[in-house]
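Participant: Just so it is clear, I am handing over target19.txt, which has compact mmCIF, C-alpha atoms.
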```
# COMPACT_ATOMS: atom_id res chain seq x y z
CA MET C 1 18.01 0.46 -3.06
CA THR C 2 14.55 -1.12 -3.11
CA LYS C 3 16.00 -4.62 -2.90
CA LYS C 4 17.58 -3.72 0.44
CA LEU C 5 14.14 -3.28 2.01
CA LEU C 6 12.69 -6.36 0.33
CA LEU C 7 15.63 -8.51 1.40
CA LYS C 8 15.16 -7.28 4.97
CA LEU C 9 11.51 -8.35 4.85
CA ASN C 10 12.53 -11.75 3.48
CA GLY C 11 15.06 -12.39 6.26
CA THR C 12 16.62 -15.82 5.98
CA LYS C 13 13.68 -17.42 4.21
CA ASN C 14 14.56 -19.52 1.19
CA GLY C 15 11.23 -19.66 -0.62
CA SER C 16 9.27 -18.01 -3.40
CA PHE C 17 10.05 -14.43 -2.37
CA ILE C 18 13.82 -14.77 -2.49
CA GLU C 19 13.45 -16.66 -5.76
CA TRP C 20 11.47 -13.73 -7.20
CA LEU C 21 14.07 -11.24 -5.92
CA ASN C 22 16.98 -13.22 -7.32
CA ASN C 23 15.30 -13.46 -10.71
CA PHE C 24 14.52 -9.75 -10.89
CA GLU C 25 17.23 -7.75 -12.64
CA GLY C 26 17.91 -4.32 -11.20
CA GLU C 27 15.86 -2.54 -8.55
CA PRO C 28 12.11 -3.26 -8.53
CA ARG C 29 9.67 -0.37 -8.46
CA ILE C 30 7.53 -0.60 -5.30
CA SER C 31 3.97 0.59 -4.82
CA TRP C 32 2.91 1.04 -1.19
CA TYR C 33 -0.72 0.86 -0.08
CA PRO C 34 -1.02 1.78 3.62
CA SER C 35 -4.32 0.79 5.26
CA ALA C 36 -4.98 -1.62 2.41
CA GLY C 37 -7.37 -3.78 4.43
CA GLU C 38 -8.78 -6.47 2.16
CA ASP C 39 -8.48 -4.34 -0.98
CA PHE C 40 -6.43 -5.67 -3.89
CA ARG C 41 -7.83 -3.45 -6.64
CA ASP C 42 -4.53 -1.57 -6.86
CA LEU C 43 -3.12 -4.66 -8.59
CA LEU C 44 -5.60 -4.04 -11.40
CA TYR C 45 -5.35 -0.26 -11.69
CA LEU C 46 -1.56 0.17 -11.34
CA ASN C 47 -0.73 -1.91 -14.35
CA SER C 48 0.52 -1.09 -17.86
CA ARG C 49 -2.49 -2.83 -19.40
CA TYR C 50 -4.85 -0.58 -17.45
CA TYR C 51 -2.79 2.50 -18.38
CA ASN C 52 -3.00 1.60 -22.08
CA HIS C 53 -6.75 1.07 -21.81
CA ASN C 54 -7.31 4.26 -19.76
CA PRO C 55 -4.68 6.82 -20.82
CA SER C 56 -3.79 9.59 -18.38
CA ASP C 57 -3.86 13.33 -19.07
CA GLY C 58 -0.13 13.61 -18.55
CA LEU C 59 3.10 11.67 -18.61
CA GLU C 60 2.48 8.52 -16.56
CA PRO C 61 5.27 7.06 -14.39
CA PHE C 62 6.13 3.46 -15.17
CA PRO C 63 3.96 1.03 -13.16
CA PRO C 64 5.32 -0.80 -10.10
CA ASN C 65 6.92 -4.24 -10.27
CA ILE C 66 5.83 -5.29 -6.78
CA PHE C 67 3.08 -4.21 -4.41
CA LEU C 68 3.58 -3.56 -0.69
CA HIS C 69 0.45 -3.52 1.51
CA THR C 70 0.37 -2.59 5.18
CA ASP C 71 -2.46 -2.63 7.73
CA TYR C 72 -2.36 -3.71 11.36
CA PHE C 73 -5.60 -5.58 10.65
CA PRO C 74 -7.50 -5.66 13.96
CA TRP C 75 -10.50 -7.65 12.70
CA GLU C 76 -10.67 -10.97 14.55
CA THR C 77 -13.73 -12.19 12.64
CA SER C 78 -12.33 -11.59 9.15
CA SER C 79 -11.82 -14.53 6.81
CA PHE C 80 -9.21 -12.59 4.86
CA LEU C 81 -6.66 -14.90 3.17
CA ASP C 82 -8.71 -17.94 4.23
CA SER C 83 -10.14 -18.00 0.70
CA HIS C 84 -8.02 -17.99 -2.45
CA THR C 85 -10.42 -15.48 -4.02
CA VAL C 86 -9.92 -12.00 -2.53
CA TYR C 87 -11.89 -9.99 -5.07
CA SER C 88 -14.54 -10.85 -7.61
CA ASP C 89 -17.07 -8.96 -9.71
CA ARG C 90 -18.61 -9.54 -13.12
CA ARG C 91 -15.43 -8.48 -14.95
CA THR C 92 -12.54 -9.16 -12.57
CA CYS C 93 -11.35 -11.92 -10.27
CA ILE C 94 -8.24 -11.73 -8.08
CA ARG C 95 -7.02 -15.03 -6.66
CA LEU C 96 -4.09 -15.90 -4.43
CA LYS C 97 -2.00 -18.53 -6.17
CA GLU C 98 0.66 -18.81 -3.47
CA ILE C 99 1.31 -17.47 0.05
CA GLU C 100 4.66 -17.64 1.82
CA LYS C 101 5.02 -16.65 5.47
CA LEU C 102 7.93 -14.26 6.09
CA PRO C 103 9.58 -13.25 9.39
CA GLU C 104 7.36 -11.24 11.74
CA LEU C 105 7.77 -7.51 12.31
CA LYS C 106 7.40 -6.28 15.88
CA LEU C 107 6.21 -2.69 15.53
CA PRO C 108 4.26 -0.62 18.08
CA LEU C 109 0.52 0.02 18.13
CA ASP C 110 -0.28 3.31 19.82
CA GLU C 111 -3.74 3.78 21.34
CA LYS C 112 -3.89 7.37 20.06
CA ILE C 113 -3.33 6.24 16.47
CA VAL C 114 -5.26 2.95 16.27
CA PHE C 115 -8.64 1.98 17.65
CA PHE C 116 -7.53 -1.49 18.75
CA PRO C 117 -3.98 -1.37 20.21
CA GLU C 118 -4.23 -5.06 21.14
CA GLY C 119 -4.22 -5.91 17.43
CA SER C 120 -5.36 -9.36 16.29
CA VAL C 121 -3.94 -12.77 15.46
CA ALA C 122 -2.78 -11.30 12.13
CA THR C 123 -0.89 -8.34 13.57
CA ASN C 124 2.94 -8.45 13.13
CA HIS C 125 2.76 -11.19 10.49
CA VAL C 126 4.24 -10.67 7.01
CA VAL C 127 3.47 -12.72 3.90
CA PHE C 128 4.59 -12.86 0.28
CA ILE C 129 1.78 -13.49 -2.17
CA LYS C 130 1.60 -14.37 -5.84
CA ALA C 131 -1.76 -13.01 -6.94
CA GLU C 132 -3.46 -13.80 -10.22
CA VAL C 133 -5.54 -11.02 -11.75
CA ASN C 134 -8.08 -12.24 -14.29
CA SER C 135 -9.87 -9.39 -16.10
CA SER C 136 -12.28 -9.71 -19.01
CA VAL C 137 -10.85 -6.44 -20.32
CA LEU C 138 -7.14 -6.64 -19.45
CA GLY C 139 -6.51 -10.39 -19.53
CA THR C 140 -4.68 -12.51 -16.95
CA PHE C 141 -1.40 -11.68 -15.20
CA ILE C 142 0.49 -12.59 -12.03
CA VAL C 143 1.40 -9.90 -9.50
CA PRO C 144 3.82 -10.18 -6.53
CA VAL C 145 2.60 -8.69 -3.23
CA VAL C 146 4.15 -8.34 0.22
CA TYR C 147 1.56 -7.80 2.96
CA ALA C 148 2.85 -6.63 6.36
CA PHE C 149 0.20 -6.57 9.08
CA VAL C 150 1.61 -3.57 10.93
CA GLU C 151 0.71 0.05 11.64
CA ASN C 152 1.49 2.27 8.64
CA ALA C 153 3.34 5.20 10.24
CA SER C 154 5.64 3.02 12.34
CA PHE C 155 6.41 0.93 9.25
CA CYS C 156 7.30 4.04 7.28
CA SER C 157 9.38 5.57 10.08
CA ASP C 158 11.14 2.43 11.30
CA VAL C 159 11.40 0.27 8.18
CA ILE C 160 11.04 2.17 4.89
CA ILE C 161 12.98 5.34 5.71
CA PRO C 162 15.94 3.69 7.53
CA ASN C 163 16.44 1.43 4.51
CA ASN C 164 16.53 4.44 2.15
CA CYS C 165 13.92 2.76 0.01
CA PRO C 166 12.31 4.78 -2.80
CA ILE C 167 8.60 4.13 -3.30
CA SER C 168 7.39 4.87 -6.82
CA HIS C 169 3.65 4.89 -6.00
CA ILE C 170 1.79 5.60 -2.75
CA ILE C 171 -1.93 4.84 -2.47
CA HIS C 172 -4.15 6.77 -0.06
CA VAL C 173 -7.60 5.24 -0.48
CA ARG C 174 -10.04 4.77 2.40
CA TYR C 175 -7.29 5.31 4.96
CA GLY C 176 -8.48 4.56 8.55
CA GLY C 177 -9.34 7.94 9.98
CA GLY C 178 -12.35 6.77 11.95
CA CYS C 179 -14.49 6.22 8.83
CA GLY C 180 -15.26 2.62 9.67
CA GLY C 181 -11.56 1.82 9.63
CA GLY C 182 -9.17 1.02 12.43
CA GLY C 183 -7.63 4.28 13.51
CA TYR C 184 -7.68 7.98 14.36
CA SER C 185 -5.41 9.09 11.51
CA THR C 186 -6.48 10.16 8.04
CA GLY C 187 -2.99 9.59 6.67
CA SER C 188 -2.42 13.29 5.98
CA TRP C 189 1.16 12.74 7.17
CA LEU C 190 1.81 10.84 3.93
CA LEU C 191 2.06 14.19 2.14
CA ASN C 192 5.25 14.86 4.09
CA VAL C 193 7.08 11.75 2.89
CA LEU C 194 6.29 11.87 -0.84
CA GLN C 195 9.52 13.58 -1.78
CA LYS C 196 11.53 11.90 0.96
CA LEU C 197 10.56 8.52 -0.51
CA GLU C 198 11.10 9.76 -4.08
CA CYS C 199 7.45 9.06 -4.81
CA GLU C 200 6.48 9.63 -8.45
CA CYS C 201 2.72 9.08 -8.20
CA PHE C 202 0.35 9.71 -5.28
CA ILE C 203 -3.10 8.17 -5.66
CA THR C 204 -5.66 9.58 -3.23
CA ASP C 205 -9.38 9.82 -2.50
CA GLY C 206 -8.77 13.35 -1.20
CA CYS C 207 -9.68 12.67 2.44
CA LEU C 208 -6.54 14.31 3.82
CA GLN C 209 -7.83 16.54 6.63
CA ARG C 210 -5.44 16.24 9.55
CA ALA C 211 -6.88 14.35 12.55
CA SER C 212 -5.75 13.66 16.12
CA GLY C 213 -4.02 10.45 15.04
CA ASP C 214 -1.87 12.37 12.57
CA GLU C 215 -0.80 14.73 15.37
CA ARG C 216 0.18 11.69 17.41
CA VAL C 217 2.17 10.33 14.46
CA TYR C 218 4.24 13.52 14.51
CA GLU C 219 4.84 13.18 18.23
CA LEU C 220 6.10 9.61 17.94
CA PHE C 221 7.87 9.80 14.58
CA PRO C 222 9.59 13.17 14.03
CA ASN C 223 10.96 11.97 10.67
CA LEU C 224 7.38 12.03 9.33
CA ARG C 225 6.72 15.67 10.21
CA GLY C 226 6.16 18.35 7.59
CA SER C 227 3.81 20.95 6.17
CA GLU C 228 1.42 18.56 4.38
CA ASP C 229 1.88 20.62 1.21
CA ILE C 230 -0.44 19.62 -1.64
CA SER C 231 0.78 22.29 -4.08
CA LYS C 232 3.23 19.88 -5.70
CA LEU C 233 0.51 17.39 -6.68
CA LYS C 234 -0.35 17.54 -10.39
CA PRO C 235 -3.40 15.41 -11.32
CA ILE C 236 -3.14 13.21 -14.42
CA ARG C 237 -6.13 10.87 -14.02
CA GLU C 238 -9.43 10.83 -12.14
CA MET C 239 -11.61 7.85 -11.29
CA PRO C 240 -15.19 8.07 -10.01
CA SER C 241 -15.56 6.96 -6.41
CA TYR C 242 -17.85 4.02 -7.17
CA ILE C 243 -15.21 2.28 -9.30
CA TRP C 244 -12.77 1.85 -6.40
CA SER C 245 -13.57 3.02 -2.89
CA GLU C 246 -16.97 4.71 -2.66
CA HIS C 247 -15.13 7.11 -0.38
CA GLY C 248 -14.39 9.96 -2.76
CA ASP C 249 -13.21 10.29 -6.34
CA ILE C 250 -9.70 8.94 -6.86
CA THR C 251 -6.98 11.16 -8.33
CA TRP C 252 -3.63 10.05 -9.73
CA ASN C 253 -1.08 12.81 -9.03
CA ILE C 254 2.49 13.14 -10.21
CA ILE C 255 4.84 14.88 -7.80
CA ASP C 256 6.12 18.14 -9.28
```
Can you give me the file's structure in the form of structure tokens?

Facilitator:
Amino acid sequence: MTKKLLLKLNGTKNGSFIEWLNNFEGEPRISWYPSAGEDFRDLLYLNSRYYNHNPSDGLEPFPPNIFLHTDYFPWETSSFLDSHTVYSDRRTCIRLKEIEKLPELKLPLDEKIVFFPEGSVATNHVVFIKAEVNSSVLGTFIVPVVYAFVENASFCSDVIIPNNCPISHIIHVRYGGGCGGGGYSTGSWLLNVLQKLECECFITDGCLQRASGDERVYELFPNLRGSEDISKLKPIREMPSYIWSEHGDITWNIID
């Protein structure tokens, strides 16, 4: 089921991504990080080595096999992907070992959801990345990433759901919402698709108050509507804000 979506994103390309897909036995587990921006720390924290080093308070779902990032990326002045190093601190370095351009996705940008409906030179592009994570604590490992520079809700409504693609992990960290990001939505609508996408783990900074952009999401994409019920979220791990986002403490939740 997950390969159907990944093959659609690959199109007719005959490069590193299709090679990875052909070599993967079974259906890969996908983690989705909407509004990822330039953040690749999920590659470090959603990993079996991190889980072993920082055990959860409950039964932890198996980690993802591939990471899917989306963000319409309106920042014209950004040097994102121009440098091979996308994250570095005293203990961790994340470098891009390989980038393959995939077919573009033409998805809408609505002025009531995003701040900059004209997008940027990055908008609509899709790339496959082999990222190398080098951690003084966890060691070195290679992680596959697909980055689609598109608006999150339209991607979910028009790409993920029609392909019946389960998403094992969904990350809601520093989602747009007008907090220095690129949109009017807080991503509260994600609560409505957790069970629809068979999500096993929802990772959030807790900033889920519905905003005008979320209302607009429901107008444009009826398949994303719902009650935004948080009662089914059962926390199994907490991370202080300063370690990841500085935008609220991060909670790992299994879906009951």

Participant: With all atoms listed in the file counted and 10 Å as the cut-off, give the residues of stretch 132-218 of chain C in contact with stretch 243-246 of chain C, each with its shortest interatomic distance in Å and the pair that gives it, as a Markdown table.

Facilitator:
```
| residue | atom | partner | partner_atom | distance |
| --- | --- | --- | --- | --- |
| C:Val173 | CA | C:Ser245 | CA | 6.8 |
| C:Arg174 | CA | C:Ser245 | CA | 6.6 |
| C:Asp205 | CA | C:Ser245 | CA | 8.0 |
```

Participant: Compare C:Phe67, C:Phe128, C:Phe73, C:Phe116 by their minimum atom-to-atom distance to C:Lys97, counting all atoms listed in the file, and give me the closest one.

Facilitator: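 Distance minimum relative to C:Lys97 lands on C:Phe128.
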
Participant: Return the single residue from C:Lys3, C:Lys106, C:His172, C:Arg90 that is closest to C:Gly248, with distances computed using all atoms listed in the file.

Facilitator: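 Of C:Lys3, C:Lys106, C:His172, C:Arg90, the one nearest C:Gly248 is C:His172, counting all atoms listed in the file.
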
Participant: Using only C-alpha atoms, pick whichever of C:Gly58, C:Gly176, C:Pro74, C:Pro108 has the shortest atom-to-atom distance to C:Ala36.

Facilitator: C:Gly176

Participant: With a cut-off of 9 Å, could you pull out the residues of stretch 44-87 of chain C touching stretch 129-152 of chain C and give me the nearest pair of atoms for each, distance in Å to one decimal, using only C-alpha atoms, ordered by chain and ascending number, as a Markdown table?

Facilitator:
```
| residue | atom | partner | partner_atom | distance |
| --- | --- | --- | --- | --- |
| C:Leu44 | CA | C:Val133 | CA | 7.0 |
| C:Arg49 | CA | C:Leu138 | CA | 6.0 |
| C:Tyr50 | CA | C:Leu138 | CA | 6.8 |
| C:His53 | CA | C:Leu138 | CA | 8.1 |
| C:Asn65 | CA | C:Pro144 | CA | 7.7 |
| C:Ile66 | CA | C:Pro144 | CA | 5.3 |
| C:Phe67 | CA | C:Val145 | CA | 4.7 |
| C:Leu68 | CA | C:Val146 | CA | 4.9 |
| C:His69 | CA | C:Tyr147 | CA | 4.7 |
| C:Thr70 | CA | C:Ala148 | CA | 4.9 |
| C:Asp71 | CA | C:Phe149 | CA | 4.9 |
| C:Tyr72 | CA | C:Val150 | CA | 4.0 |
| C:Phe73 | CA | C:Phe149 | CA | 6.1 |
```

Participant: Write the residues of the selection above to a file with C-alpha atoms, as a PDB file, in the coordinates of the input.

Facilitator:
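Written file, part06.pdb:
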```pdb
ATOM      1  CA  LEU C  44      -5.600  -4.040 -11.400  1.00  0.00           C
ATOM      2  CA  ARG C  49      -2.490  -2.830 -19.400  1.00  0.00           C
ATOM      3  CA  TYR C  50      -4.850  -0.580 -17.450  1.00  0.00           C
ATOM      4  CA  HIS C  53      -6.750   1.070 -21.810  1.00  0.00           C
ATOM      5  CA  ASN C  65       6.920  -4.240 -10.270  1.00  0.00           C
ATOM      6  CA  ILE C  66       5.830  -5.290  -6.780  1.00  0.00           C
ATOM      7  CA  PHE C  67       3.080  -4.210  -4.410  1.00  0.00           C
ATOM      8  CA  LEU C  68       3.580  -3.560  -0.690  1.00  0.00           C
ATOM      9  CA  HIS C  69       0.450  -3.520   1.510  1.00  0.00           C
ATOM     10  CA  THR C  70       0.370  -2.590   5.180  1.00  0.00           C
ATOM     11  CA  ASP C  71      -2.460  -2.630   7.730  1.00  0.00           C
ATOM     12  CA  TYR C  72      -2.360  -3.710  11.360  1.00  0.00           C
ATOM     13  CA  PHE C  73      -5.600  -5.580  10.650  1.00  0.00           C
TER      14      PHE C  73
END
```

Participant: Between atom CA of C:Thr12 and atom CA of C:Leu81, what is the distance in Å, rounded to a tenth?

Facilitator: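 These atoms are spaced 23.5 Å apart.
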